[in-house]
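> Handing you a structure now.
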Amino acid sequence: MKQRTLWPVILITGLAVTACGSAAPTQSSSGDSSSKIVVWDWKSGEPGVASYIEKAKADFATKHPDVTVEFVAQPFDQYYTLLGAATQSGKGPDVMLFNGGGQIRDRVNDLLPLDPYVAEDKQRLAGWDAFSKDGKIYAAPVTLQGHPIYYNKSIYQKAGLDPANPPKTWDEFAAGCAAIKKATGAKCFALGNKEGFGIQFFMSGLGPGILTPEEYDAWIAGKRDWTSPHVKQIFSLWKKVNDDGLNNDGANSTALFNDAFAIFNTGKAATIIGLMSDVGHWKDFGEFLGADNVGVMAAPVVTSGATPVLPYDGGIGYGVAKSAKDPQLAADLVRSLTSTGALSAFYAGAGAITSDTTIEVSQGAPAVAAIVSRIKGGKPALHVALSSKTLDLMGRLSQKLLSGSASVDDVVEQLAASDKVS
């Protein structure tokens, strides 16, 4: 798998905020009873991952009983800014959580290559490429992140559509949207683009139905042709969907996390491009709609020759700071954070599709089975191949497209220029 940025979109509120200065690097060797490892993330303060953290700490304690592990939960919306400032001041953590893709690749100069430490885990875990650059691994994957297209089976049934057979082409999808609106009044898509994240989900969720397999593979490989009619069609469709009233009202003023998800959860929209990880995913939706009412569909085919696949790769993963005083100790903690026991607890507690391919999920909700069955044939998400700088620009330009203040040609031209220098 290749890079994935979405993981830059997992915005969780209510985390404990701890001062940057508390995250001092390890000061002693792993053999010293005063050894301490400081971990920064944005997850450890959440109730849903408590059992995961405890399992990981317990696994680590069996190997290093005299080492203290301190988790510092930072707010996600400030996380990378705080991390950068702490690293520059020499007060960064030993171990830190990253989104796969651009966010970690932009920071590899501050990270320790983990290849010699995680060799035994390579076959068991999936999603490594999202945390790699120039052939070196800089973090071990915890979750797999992807963009399934979820739909509300109950709404489909009320509209006279077959919930067991979602649309295969865009024409069928659009006709279904019209039937849904007439029968239920629900919008077709729940979309939040206030932060500019919605376009990332749209590109990766629907792009597999627009680009041909050859175009898709070239895009991921860095050979992106922004002048391609099919690439332009992604942005044209983004605008058309909104212009045709298929999105909820005020998409540019709606936060993706968690307002757009709430629109889907409350039955005000029939479809949403969501996540695989531990928020905005099958478990969240199932708690509101009922697990049996949450469907998963492949991207409707827009372009002849397109072959829809599940877009996914590594979601979040833990890396080790180059400044860590005891790299082996820090790497051992990363291995505990990606152990089968810990990741099993993450799946059970938060519903995350984890990186561990040995964990049994076949008895889970129908949506889980639908997602996992497509992992083998999946490909990296399109937006994750882009740098964080280009993604930021794409977010701003996507808002202009929805508001009508920018043209598709202008947007594509600016993104091509950004991608060229990134």
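Residue numbers start at 1 in each chain; chains themselves are named A, B, ... in the order of the structure tokens; ligands are numbered from 1 in the order shown.
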Just want the 7 Å neighbourhood of Ala270 (chain A), counted on only C-alpha atoms, with same-chain residues fewer than 3 positions away dropped. Output as number ranges by chain.
A: 151-152, 155, 186-189, 264, 267
> May I have the residues within 8 Å of Val302 (chain A) as an NGL selection string, using only C-alpha atoms and disregarding those fewer than 6 positions away in the same chain?
:A and (169-171 or 209-210)
> Include C-alpha atoms and write out the residues we just selected as a PDB file, in the first residue's frame.

ATOM      1  CA  THR A 169     -23.229   2.989 -11.965  1.00  0.00           C
ATOM      2  CA  TRP A 170     -23.507   6.722 -11.447  1.00  0.00           C
ATOM      3  CA  ASP A 171     -26.708   6.903 -13.490  1.00  0.00           C
ATOM      4  CA  GLY A 209     -15.272   4.813 -10.162  1.00  0.00           C
ATOM      5  CA  ILE A 210     -13.808   7.617 -12.278  1.00  0.00           C
TER       6      ILE A 210
END
> Residues near Gly196 (chain A), anyone? I mean within 7 Å using only C-alpha atoms, not counting same-chain ones fewer than 5 positions away, as an NGL selection string.
:A and (395-396 or 398-399)
> Which is closer to Glu413 (chain A) than all the others in A:Thr307, A:Asn265, A:Ser339, A:Thr227, using only C-alpha atoms?
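Checking each candidate against Glu413 (chain A), we get A:Thr227 as the closest.
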> Can you list, as a PyMOL selection string, every protein, DNA or RNA residue that comes within 8 Å of Ala139 (chain A) when you count only C-alpha atoms, leaving out same-chain residues fewer than 4 positions away?
chain A and resi 98+113-114+128+131-132+317-320
